[in-house]
>>> print(open('input-v4.tsv').read())   # TSV, N, CA and C atoms
chain	number	residue	atom	x	y	z
A	126	MET	N	-15.59	-3.28	-21.94
A	126	MET	CA	-14.69	-4.10	-21.14
A	126	MET	C	-14.92	-3.82	-19.65
A	127	ILE	N	-15.18	-4.84	-18.88
A	127	ILE	CA	-15.38	-4.71	-17.44
A	127	ILE	C	-14.03	-4.97	-16.76
A	128	VAL	N	-13.64	-4.06	-15.91
A	128	VAL	CA	-12.38	-4.19	-15.18
A	128	VAL	C	-12.71	-4.63	-13.76
A	129	GLN	N	-11.99	-5.65	-13.29
A	129	GLN	CA	-12.20	-6.13	-11.92
A	129	GLN	C	-11.98	-4.99	-10.94
A	130	PRO	N	-12.88	-4.83	-9.95
A	130	PRO	CA	-12.65	-3.79	-8.95
A	130	PRO	C	-11.35	-4.04	-8.20
A	131	SER	N	-10.79	-2.97	-7.69
A	131	SER	CA	-9.48	-3.04	-7.05
A	131	SER	C	-9.54	-2.33	-5.69
A	132	ILE	N	-8.76	-2.84	-4.77
A	132	ILE	CA	-8.56	-2.19	-3.47
A	132	ILE	C	-7.07	-1.91	-3.36
A	133	LEU	N	-6.73	-0.71	-2.94
A	133	LEU	CA	-5.34	-0.31	-2.78
A	133	LEU	C	-5.03	-0.17	-1.30
A	134	CYS	N	-3.97	-0.83	-0.84
A	134	CYS	CA	-3.56	-0.79	0.56
A	134	CYS	C	-2.12	-0.32	0.64
A	135	ILE	N	-1.87	0.69	1.47
A	135	ILE	CA	-0.52	1.21	1.67
A	135	ILE	C	0.18	0.38	2.74
A	136	MET	N	1.38	-0.09	2.42
A	136	MET	CA	2.14	-0.94	3.34
A	136	MET	C	3.48	-0.29	3.66
A	137	ASP	N	3.71	-0.03	4.95
A	137	ASP	CA	5.02	0.46	5.36
A	137	ASP	C	5.68	-0.50	6.35
A	138	PHE	N	5.09	-1.69	6.50
A	138	PHE	CA	5.60	-2.77	7.32
A	138	PHE	C	5.53	-2.51	8.81
A	139	THR	N	4.71	-1.55	9.22
A	139	THR	CA	4.44	-1.36	10.64
A	139	THR	C	3.29	-2.28	11.04
A	140	GLU	N	3.09	-2.46	12.33
A	140	GLU	CA	1.98	-3.27	12.82
A	140	GLU	C	0.65	-2.69	12.35
A	141	SER	N	0.58	-1.38	12.32
A	141	SER	CA	-0.64	-0.70	11.87
A	141	SER	C	-0.94	-1.01	10.41
A	142	SER	N	0.08	-1.00	9.55
A	142	SER	CA	-0.18	-1.29	8.14
A	142	SER	C	-0.50	-2.77	7.94
A	143	LEU	N	0.00	-3.63	8.82
A	143	LEU	CA	-0.37	-5.04	8.76
A	143	LEU	C	-1.86	-5.22	9.07
A	144	GLU	N	-2.35	-4.48	10.06
A	144	GLU	CA	-3.79	-4.51	10.36
A	144	GLU	C	-4.60	-4.00	9.18
A	145	ALA	N	-4.11	-2.95	8.53
A	145	ALA	CA	-4.79	-2.42	7.35
A	145	ALA	C	-4.82	-3.47	6.24
A	146	LEU	N	-3.71	-4.18	6.06
A	146	LEU	CA	-3.64	-5.22	5.04
A	146	LEU	C	-4.61	-6.36	5.34
A	147	LYS	N	-4.70	-6.77	6.59
A	147	LYS	CA	-5.64	-7.83	6.96
A	147	LYS	C	-7.08	-7.41	6.61
A	148	TRP	N	-7.42	-6.18	6.95
A	148	TRP	CA	-8.77	-5.69	6.67
A	148	TRP	C	-9.00	-5.61	5.16
A	149	ALA	N	-8.02	-5.07	4.43
A	149	ALA	CA	-8.14	-4.93	2.98
A	149	ALA	C	-8.28	-6.30	2.31
A	150	ALA	N	-7.53	-7.30	2.80
A	150	ALA	CA	-7.63	-8.65	2.24
A	150	ALA	C	-9.02	-9.22	2.45
A	151	GLY	N	-9.58	-8.99	3.62
A	151	GLY	CA	-10.95	-9.45	3.89
A	151	GLY	C	-11.96	-8.79	2.96
A	152	MET	N	-11.79	-7.51	2.72
A	152	MET	CA	-12.69	-6.79	1.82
A	152	MET	C	-12.49	-7.23	0.37
A	153	ALA	N	-11.25	-7.52	-0.01
A	153	ALA	CA	-10.99	-7.99	-1.38
A	153	ALA	C	-11.70	-9.32	-1.61
A	154	LYS	N	-11.66	-10.18	-0.62
A	154	LYS	CA	-12.35	-11.47	-0.73
A	154	LYS	C	-13.86	-11.25	-0.80
A	155	LYS	N	-14.37	-10.40	0.06
A	155	LYS	CA	-15.82	-10.15	0.11
A	155	LYS	C	-16.34	-9.57	-1.20
A	156	PHE	N	-15.60	-8.62	-1.79
A	156	PHE	CA	-16.04	-7.94	-3.01
A	156	PHE	C	-15.48	-8.56	-4.29
A	157	ASP	N	-14.75	-9.67	-4.16
A	157	ASP	CA	-14.08	-10.30	-5.30
A	157	ASP	C	-13.25	-9.25	-6.06
A	158	ALA	N	-12.48	-8.51	-5.30
A	158	ALA	CA	-11.66	-7.42	-5.86
A	158	ALA	C	-10.19	-7.82	-5.86
A	159	HIS	N	-9.45	-7.24	-6.78
A	159	HIS	CA	-8.00	-7.41	-6.83
A	159	HIS	C	-7.39	-6.50	-5.77
A	160	LEU	N	-6.46	-7.01	-5.00
A	160	LEU	CA	-5.81	-6.23	-3.95
A	160	LEU	C	-4.40	-5.85	-4.39
A	161	THR	N	-4.15	-4.54	-4.42
A	161	THR	CA	-2.81	-4.05	-4.70
A	161	THR	C	-2.22	-3.51	-3.41
A	162	ILE	N	-1.08	-4.05	-3.02
A	162	ILE	CA	-0.39	-3.59	-1.82
A	162	ILE	C	0.76	-2.72	-2.31
A	163	LEU	N	0.73	-1.46	-1.92
A	163	LEU	CA	1.70	-0.48	-2.41
A	163	LEU	C	2.62	-0.04	-1.28
A	164	HIS	N	3.92	-0.15	-1.55
A	164	HIS	CA	4.95	0.32	-0.62
A	164	HIS	C	5.67	1.49	-1.29
A	165	PRO	N	5.17	2.72	-1.06
A	165	PRO	CA	5.84	3.88	-1.65
A	165	PRO	C	6.98	4.35	-0.76
A	166	TYR	N	8.04	4.85	-1.39
A	166	TYR	CA	9.17	5.36	-0.62
A	166	TYR	C	9.87	6.45	-1.42
A	167	ARG	N	10.68	7.21	-0.72
A	167	ARG	CA	11.41	8.32	-1.35
A	167	ARG	C	12.90	8.04	-1.31
A	168	LEU	N	13.61	8.49	-2.30
A	168	LEU	CA	15.07	8.34	-2.36
A	168	LEU	C	15.81	9.63	-2.02
A	169	ASN	N	15.11	10.72	-1.87
A	169	ASN	CA	15.78	12.01	-1.68
A	169	ASN	C	16.43	12.19	-0.32
A	170	GLN	N	16.20	11.29	0.61
A	170	GLN	CA	16.77	11.43	1.94
A	170	GLN	C	18.11	10.72	2.09
A	171	LEU	N	18.60	10.17	1.00
A	171	LEU	CA	19.86	9.43	1.05
A	171	LEU	C	21.05	10.34	0.77
A	172	GLN	N	22.23	9.87	1.14
A	172	GLN	CA	23.44	10.63	0.86
A	172	GLN	C	23.71	10.62	-0.65
A	173	LYS	N	24.17	11.74	-1.16
A	173	LYS	CA	24.39	11.87	-2.60
A	173	LYS	C	25.50	10.96	-3.12
A	174	LYS	N	26.36	10.47	-2.24
A	174	LYS	CA	27.45	9.59	-2.66
A	174	LYS	C	26.96	8.20	-3.06
A	175	GLU	N	25.79	7.83	-2.59
A	175	GLU	CA	25.29	6.48	-2.84
A	175	GLU	C	24.81	6.32	-4.28
A	176	ASP	N	24.99	5.14	-4.82
A	176	ASP	CA	24.51	4.81	-6.15
A	176	ASP	C	23.00	4.58	-6.05
A	177	MET	N	22.21	5.50	-6.58
A	177	MET	CA	20.76	5.47	-6.43
A	177	MET	C	20.13	4.23	-7.07
A	178	ILE	N	20.68	3.76	-8.16
A	178	ILE	CA	20.14	2.56	-8.81
A	178	ILE	C	20.31	1.36	-7.89
A	179	TRP	N	21.48	1.24	-7.28
A	179	TRP	CA	21.74	0.14	-6.36
A	179	TRP	C	20.84	0.26	-5.13
A	180	VAL	N	20.71	1.48	-4.59
A	180	VAL	CA	19.89	1.69	-3.39
A	180	VAL	C	18.44	1.33	-3.69
A	181	LYS	N	17.92	1.78	-4.82
A	181	LYS	CA	16.54	1.48	-5.20
A	181	LYS	C	16.34	-0.03	-5.31
A	182	LYS	N	17.27	-0.70	-5.97
A	182	LYS	CA	17.18	-2.15	-6.13
A	182	LYS	C	17.17	-2.85	-4.78
A	183	LYS	N	18.02	-2.40	-3.87
A	183	LYS	CA	18.11	-3.00	-2.53
A	183	LYS	C	16.82	-2.77	-1.75
A	184	ILE	N	16.28	-1.56	-1.80
A	184	ILE	CA	15.03	-1.26	-1.10
A	184	ILE	C	13.91	-2.13	-1.66
A	185	ASP	N	13.82	-2.23	-2.98
A	185	ASP	CA	12.78	-3.05	-3.61
A	185	ASP	C	12.92	-4.52	-3.22
A	186	GLN	N	14.14	-5.04	-3.22
A	186	GLN	CA	14.37	-6.45	-2.85
A	186	GLN	C	14.01	-6.70	-1.40
A	187	ASP	N	14.43	-5.80	-0.50
A	187	ASP	CA	14.13	-5.96	0.92
A	187	ASP	C	12.62	-5.90	1.17
A	188	ALA	N	11.95	-4.97	0.50
A	188	ALA	CA	10.50	-4.84	0.66
A	188	ALA	C	9.79	-6.10	0.16
A	189	ALA	N	10.23	-6.62	-0.98
A	189	ALA	CA	9.61	-7.83	-1.54
A	189	ALA	C	9.83	-9.02	-0.60
A	190	LYS	N	11.02	-9.12	-0.02
A	190	LYS	CA	11.31	-10.21	0.91
A	190	LYS	C	10.43	-10.09	2.17
A	191	ASP	N	10.32	-8.88	2.70
A	191	ASP	CA	9.48	-8.67	3.88
A	191	ASP	C	8.02	-8.97	3.56
A	192	PHE	N	7.58	-8.56	2.38
A	192	PHE	CA	6.19	-8.81	2.00
A	192	PHE	C	5.93	-10.30	1.83
A	193	ASP	N	6.87	-11.03	1.26
A	193	ASP	CA	6.68	-12.48	1.06
A	193	ASP	C	6.43	-13.19	2.39
A	194	LYS	N	7.09	-12.74	3.45
A	194	LYS	CA	6.87	-13.34	4.79
A	194	LYS	C	5.43	-13.10	5.24
A	195	ILE	N	4.93	-11.90	5.00
A	195	ILE	CA	3.56	-11.55	5.37
A	195	ILE	C	2.57	-12.32	4.50
A	196	ALA	N	2.81	-12.33	3.22
A	196	ALA	CA	1.88	-12.96	2.27
A	196	ALA	C	1.75	-14.45	2.52
A	197	ALA	N	2.83	-15.09	2.91
A	197	ALA	CA	2.78	-16.53	3.16
A	197	ALA	C	1.73	-16.86	4.21
A	198	ASP	N	1.62	-16.02	5.24
A	198	ASP	CA	0.66	-16.26	6.31
A	198	ASP	C	-0.73	-15.70	6.01
A	199	LEU	N	-0.78	-14.58	5.37
A	199	LEU	CA	-2.04	-13.85	5.27
A	199	LEU	C	-2.78	-14.02	3.95
A	200	LEU	N	-2.08	-13.99	2.85
A	200	LEU	CA	-2.75	-13.88	1.56
A	200	LEU	C	-2.79	-15.15	0.72
A	201	LYS	N	-1.78	-15.96	0.79
A	201	LYS	CA	-1.70	-17.09	-0.13
A	201	LYS	C	-2.79	-18.12	0.09
A	202	ASN	N	-3.35	-18.20	1.28
A	202	ASN	CA	-4.42	-19.15	1.55
A	202	ASN	C	-5.80	-18.52	1.38
A	203	GLY	N	-5.85	-17.22	1.16
A	203	GLY	CA	-7.12	-16.51	1.12
A	203	GLY	C	-7.84	-16.52	-0.21
A	204	LYS	N	-7.22	-17.08	-1.22
A	204	LYS	CA	-7.84	-17.18	-2.54
A	204	LYS	C	-8.29	-15.82	-3.08
A	205	ILE	N	-7.42	-14.84	-2.95
A	205	ILE	CA	-7.70	-13.53	-3.53
A	205	ILE	C	-6.60	-13.19	-4.53
A	206	SER	N	-6.96	-12.36	-5.48
A	206	SER	CA	-6.01	-11.86	-6.46
A	206	SER	C	-5.27	-10.68	-5.82
A	207	TYR	N	-3.94	-10.72	-5.82
A	207	TYR	CA	-3.19	-9.61	-5.22
A	207	TYR	C	-1.84	-9.44	-5.90
A	208	GLU	N	-1.29	-8.25	-5.70
A	208	GLU	CA	0.07	-7.96	-6.16
A	208	GLU	C	0.71	-7.00	-5.18
A	209	PHE	N	2.02	-7.09	-5.07
A	209	PHE	CA	2.79	-6.17	-4.23
A	209	PHE	C	3.62	-5.29	-5.15
A	210	ARG	N	3.58	-3.99	-4.88
A	210	ARG	CA	4.34	-3.03	-5.69
A	210	ARG	C	5.14	-2.13	-4.75
A	211	SER	N	6.43	-2.06	-4.99
A	211	SER	CA	7.32	-1.15	-4.28
A	211	SER	C	7.68	-0.06	-5.29
A	212	GLU	N	7.31	1.18	-4.98
A	212	GLU	CA	7.49	2.25	-5.96
A	212	GLU	C	8.09	3.50	-5.31
A	213	VAL	N	8.99	4.13	-6.07
A	213	VAL	CA	9.58	5.40	-5.65
A	213	VAL	C	8.60	6.52	-5.97
A	214	GLY	N	8.43	7.44	-5.03
A	214	GLY	CA	7.63	8.62	-5.31
A	214	GLY	C	6.82	9.07	-4.11
A	215	PHE	N	6.15	10.19	-4.30
A	215	PHE	CA	5.24	10.70	-3.27
A	215	PHE	C	4.04	9.77	-3.20
A	216	ILE	N	3.60	9.50	-2.00
A	216	ILE	CA	2.48	8.58	-1.83
A	216	ILE	C	1.25	9.05	-2.59
A	217	ASN	N	0.97	10.33	-2.55
A	217	ASN	CA	-0.21	10.85	-3.23
A	217	ASN	C	-0.13	10.61	-4.74
A	218	ASP	N	1.03	10.83	-5.33
A	218	ASP	CA	1.20	10.59	-6.76
A	218	ASP	C	1.00	9.12	-7.10
A	219	ARG	N	1.57	8.23	-6.28
A	219	ARG	CA	1.44	6.80	-6.53
A	219	ARG	C	-0.03	6.37	-6.43
A	220	VAL	N	-0.75	6.89	-5.43
A	220	VAL	CA	-2.16	6.54	-5.25
A	220	VAL	C	-2.98	7.07	-6.42
A	221	GLN	N	-2.73	8.32	-6.81
A	221	GLN	CA	-3.48	8.92	-7.92
A	221	GLN	C	-3.28	8.11	-9.20
A	222	GLU	N	-2.06	7.70	-9.46
A	222	GLU	CA	-1.79	6.92	-10.67
A	222	GLU	C	-2.54	5.59	-10.65
A	223	HIS	N	-2.50	4.93	-9.51
A	223	HIS	CA	-3.21	3.66	-9.39
A	223	HIS	C	-4.72	3.85	-9.59
A	224	ALA	N	-5.26	4.86	-8.93
A	224	ALA	CA	-6.71	5.10	-9.04
A	224	ALA	C	-7.12	5.44	-10.47
A	225	ARG	N	-6.27	6.15	-11.17
A	225	ARG	CA	-6.56	6.55	-12.55
A	225	ARG	C	-6.58	5.34	-13.49
A	226	LYS	N	-5.72	4.36	-13.22
A	226	LYS	CA	-5.57	3.22	-14.11
A	226	LYS	C	-6.45	2.03	-13.73
A	227	ASN	N	-7.06	2.05	-12.57
A	227	ASN	CA	-7.80	0.89	-12.07
A	227	ASN	C	-9.19	1.30	-11.59
A	228	ASN	N	-10.04	0.32	-11.48
A	228	ASN	CA	-11.38	0.51	-10.95
A	228	ASN	C	-11.28	0.40	-9.42
A	229	THR	N	-10.72	1.42	-8.78
A	229	THR	CA	-10.40	1.37	-7.36
A	229	THR	C	-11.62	1.66	-6.50
A	230	LEU	N	-11.96	0.71	-5.63
A	230	LEU	CA	-13.09	0.88	-4.72
A	230	LEU	C	-12.74	1.82	-3.58
A	231	PHE	N	-11.56	1.59	-2.98
A	231	PHE	CA	-11.10	2.44	-1.89
A	231	PHE	C	-9.63	2.22	-1.59
A	232	LEU	N	-9.08	3.16	-0.84
A	232	LEU	CA	-7.70	3.15	-0.38
A	232	LEU	C	-7.71	2.82	1.11
A	233	VAL	N	-6.84	1.92	1.54
A	233	VAL	CA	-6.77	1.51	2.94
A	233	VAL	C	-5.39	1.85	3.50
A	234	ILE	N	-5.39	2.53	4.65
A	234	ILE	CA	-4.13	2.82	5.34
A	234	ILE	C	-4.30	2.51	6.82
A	235	GLY	N	-3.18	2.30	7.49
A	235	GLY	CA	-3.18	2.06	8.93
A	235	GLY	C	-3.21	3.38	9.70
A	236	LYS	N	-3.70	3.31	10.91
A	236	LYS	CA	-3.83	4.51	11.75
A	236	LYS	C	-2.48	5.17	12.00
A	237	ASP	N	-1.43	4.39	12.20
A	237	ASP	CA	-0.11	4.98	12.46
A	237	ASP	C	0.35	5.82	11.29
A	238	PHE	N	0.13	5.33	10.07
A	238	PHE	CA	0.49	6.13	8.90
A	238	PHE	C	-0.28	7.45	8.92
A	239	ALA	N	-1.55	7.37	9.22
A	239	ALA	CA	-2.39	8.56	9.22
A	239	ALA	C	-1.94	9.58	10.26
A	240	THR	N	-1.54	9.12	11.42
A	240	THR	CA	-1.15	10.05	12.48
A	240	THR	C	0.29	10.53	12.34
A	241	GLU	N	1.16	9.74	11.72
A	241	GLU	CA	2.56	10.11	11.59
A	241	GLU	C	2.88	10.86	10.30
A	242	ASN	N	1.97	10.87	9.36
A	242	ASN	CA	2.19	11.51	8.07
A	242	ASN	C	1.04	12.47	7.75
A	243	LYS	N	0.85	13.44	8.62
A	243	LYS	CA	-0.31	14.32	8.49
A	243	LYS	C	-0.35	15.08	7.16
A	244	GLU	N	0.79	15.53	6.68
A	244	GLU	CA	0.80	16.25	5.41
A	244	GLU	C	0.38	15.34	4.26
A	245	ALA	N	0.93	14.13	4.24
A	245	ALA	CA	0.55	13.16	3.19
A	245	ALA	C	-0.92	12.79	3.32
A	246	LEU	N	-1.40	12.63	4.54
A	246	LEU	CA	-2.81	12.31	4.76
A	246	LEU	C	-3.70	13.44	4.24
A	247	ASN	N	-3.34	14.67	4.56
A	247	ASN	CA	-4.13	15.81	4.07
A	247	ASN	C	-4.16	15.85	2.54
A	248	ASP	N	-3.02	15.57	1.91
A	248	ASP	CA	-2.97	15.52	0.44
A	248	ASP	C	-3.89	14.42	-0.09
A	249	LEU	N	-3.87	13.27	0.56
A	249	LEU	CA	-4.73	12.17	0.11
A	249	LEU	C	-6.20	12.55	0.25
A	250	ILE	N	-6.55	13.16	1.36
A	250	ILE	CA	-7.94	13.56	1.58
A	250	ILE	C	-8.38	14.59	0.55
A	251	GLU	N	-7.54	15.55	0.26
A	251	GLU	CA	-7.89	16.62	-0.67
A	251	GLU	C	-7.89	16.18	-2.12
A	252	GLN	N	-6.99	15.28	-2.51
A	252	GLN	CA	-6.78	15.01	-3.93
A	252	GLN	C	-7.23	13.64	-4.41
A	253	THR	N	-7.39	12.69	-3.52
A	253	THR	CA	-7.77	11.35	-3.95
A	253	THR	C	-9.27	11.29	-4.19
A	254	GLU	N	-9.63	10.70	-5.31
A	254	GLU	CA	-11.04	10.65	-5.68
A	254	GLU	C	-11.68	9.30	-5.34
A	255	VAL	N	-11.03	8.53	-4.49
A	255	VAL	CA	-11.62	7.28	-4.02
A	255	VAL	C	-11.75	7.36	-2.50
A	256	PRO	N	-12.70	6.64	-1.93
A	256	PRO	CA	-12.84	6.66	-0.47
A	256	PRO	C	-11.57	6.20	0.24
A	257	LEU	N	-11.30	6.80	1.36
A	257	LEU	CA	-10.13	6.48	2.18
A	257	LEU	C	-10.60	5.82	3.47
A	258	VAL	N	-10.06	4.66	3.77
A	258	VAL	CA	-10.40	3.92	4.98
A	258	VAL	C	-9.16	3.86	5.85
A	259	ILE	N	-9.29	4.30	7.10
A	259	ILE	CA	-8.18	4.26	8.06
A	259	ILE	C	-8.51	3.18	9.08
A	260	ILE	N	-7.63	2.20	9.19
A	260	ILE	CA	-7.85	1.06	10.08
A	260	ILE	C	-7.11	1.28	11.39
A	261	PRO	N	-7.82	1.19	12.50
A	261	PRO	CA	-7.15	1.37	13.81
A	261	PRO	C	-6.23	0.19	14.12
A	262	ALA	N	-5.26	0.46	14.97
A	262	ALA	CA	-4.34	-0.61	15.40
A	262	ALA	C	-5.12	-1.62	16.23
A	263	ASN	N	-4.69	-2.86	16.16
A	263	ASN	CA	-5.32	-3.93	16.90
A	263	ASN	C	-4.82	-3.87	18.35
A	264	LYS	N	-5.71	-3.68	19.28
A	264	LYS	CA	-5.35	-3.62	20.70
A	264	LYS	C	-5.39	-5.03	21.28
A	265	HIS	N	-4.24	-5.52	21.72
A	265	HIS	CA	-4.18	-6.89	22.29
A	265	HIS	C	-4.35	-6.84	23.77
>>> encode(input="input-v4.tsv", output="structure tokens")
Amino acid sequence: MIVQPSILCIMDFTESSLEALKWAAGMAKKFDAHLTILHPYRLNQLQKKEDMIWVKKKIDQDAAKDFDKIAADLLKNGKISYEFRSEVGFINDRVQEHARKNNTLFLVIGKDFATENKEALNDLIEQTEVPLVIIPANKH
């Protein structure tokens, strides 16, 4: 069984991650690869009084709504196979799981994520078995 190659792009809805998504979409089209856009987040920083199920649902809904705005402009006309996933967990764990289950060509992140999340970046470099591509911010 041949599995379609996949590109994984981390999305945190910053301008930098939007640039990473644009680049990843272009590469997905070029390589006829499936593009997975992953929005990982953590719930441990919330107040314990909050209903975690409700909070998770709200975060997932807000992320999906924000992504739909981006996808309408960027992806829906590009004729590429893609999916958006909002998942709770450590970014490294989410990436490892995706890479294990898919024929992942590479992981794409924005420069801001790389510079603002040095510990997570170091974990990705040390533990991820797929190439990591860091996309610089677009200078206007």
>>> closest_atom_pairs(input="input-v4.tsv", of="range 224-260 of chain A", to="range 145-153 of chain A", cutoff="6.5 Å", atoms="all atoms listed in the file", output="CSV")
residue,atom,partner,partner_atom,distance
A:Val233,C,A:Ala145,CA,5.8
A:Ile234,C,A:Ala145,CA,5.0
A:Gly235,N,A:Ala145,CA,5.0
A:Ile260,CA,A:Ala145,CA,5.4
>>> select_by_dssp(input="input-v4.tsv", residues="chain A", states="strand (DSSP E or B)", output="ChimeraX atom specification")
/A:130-135,159-166,207-213,228-235,257-260
>>> closest_residue(input="input-v4.tsv", among="A:Leu143, A:Phe138, A:Lys154, A:Tyr166", to="Glu212 in chain A", atoms="only N, CA and C atoms")
A:Tyr166
>>> atom_distance(input="input-v4.tsv", atom1="CA of Lys204 in chain A", atom2="CA of Ile259 in chain A")
23.9 Å
>>> closest_residue(input="input-v4.tsv", among="A:Ile135, A:Ser141, A:Arg167, A:Val128", to="Asp237 in chain A", atoms="all atoms listed in the file")
A:Ser141
>>> select_by_dssp(input="input-v4.tsv", residues="range 177-249 of chain A", states="helix (DSSP H, G or I)", output="count of residues only")
47
>>> closest_residue(input="input-v4.tsv", among="A:Val180, A:Val213, A:Ala262, A:Leu232", to="Glu140 in chain A", atoms="all atoms listed in the file")
A:Ala262
>>> closest_residue(input="input-v4.tsv", among="A:Val258, A:Ala224, A:Ala245, A:Ile162", to="Ala188 in chain A", atoms="only C-alpha atoms")
A:Ile162
>>> atom_distance(input="input-v4.tsv", atom1="atom C of Phe215 in chain A", atom2="atom N of Pro165 in chain A")
7.5 Å
>>> atom_distance(input="input-v4.tsv", atom1="atom N of Lys194 in chain A", atom2="CA of Asp157 in chain A")
23.0 Å
>>> closest_residue(input="input-v4.tsv", among="A:Leu230, A:Asn263, A:Val220, A:Leu160", to="Ala196 in chain A", atoms="only C-alpha atoms")
A:Leu160
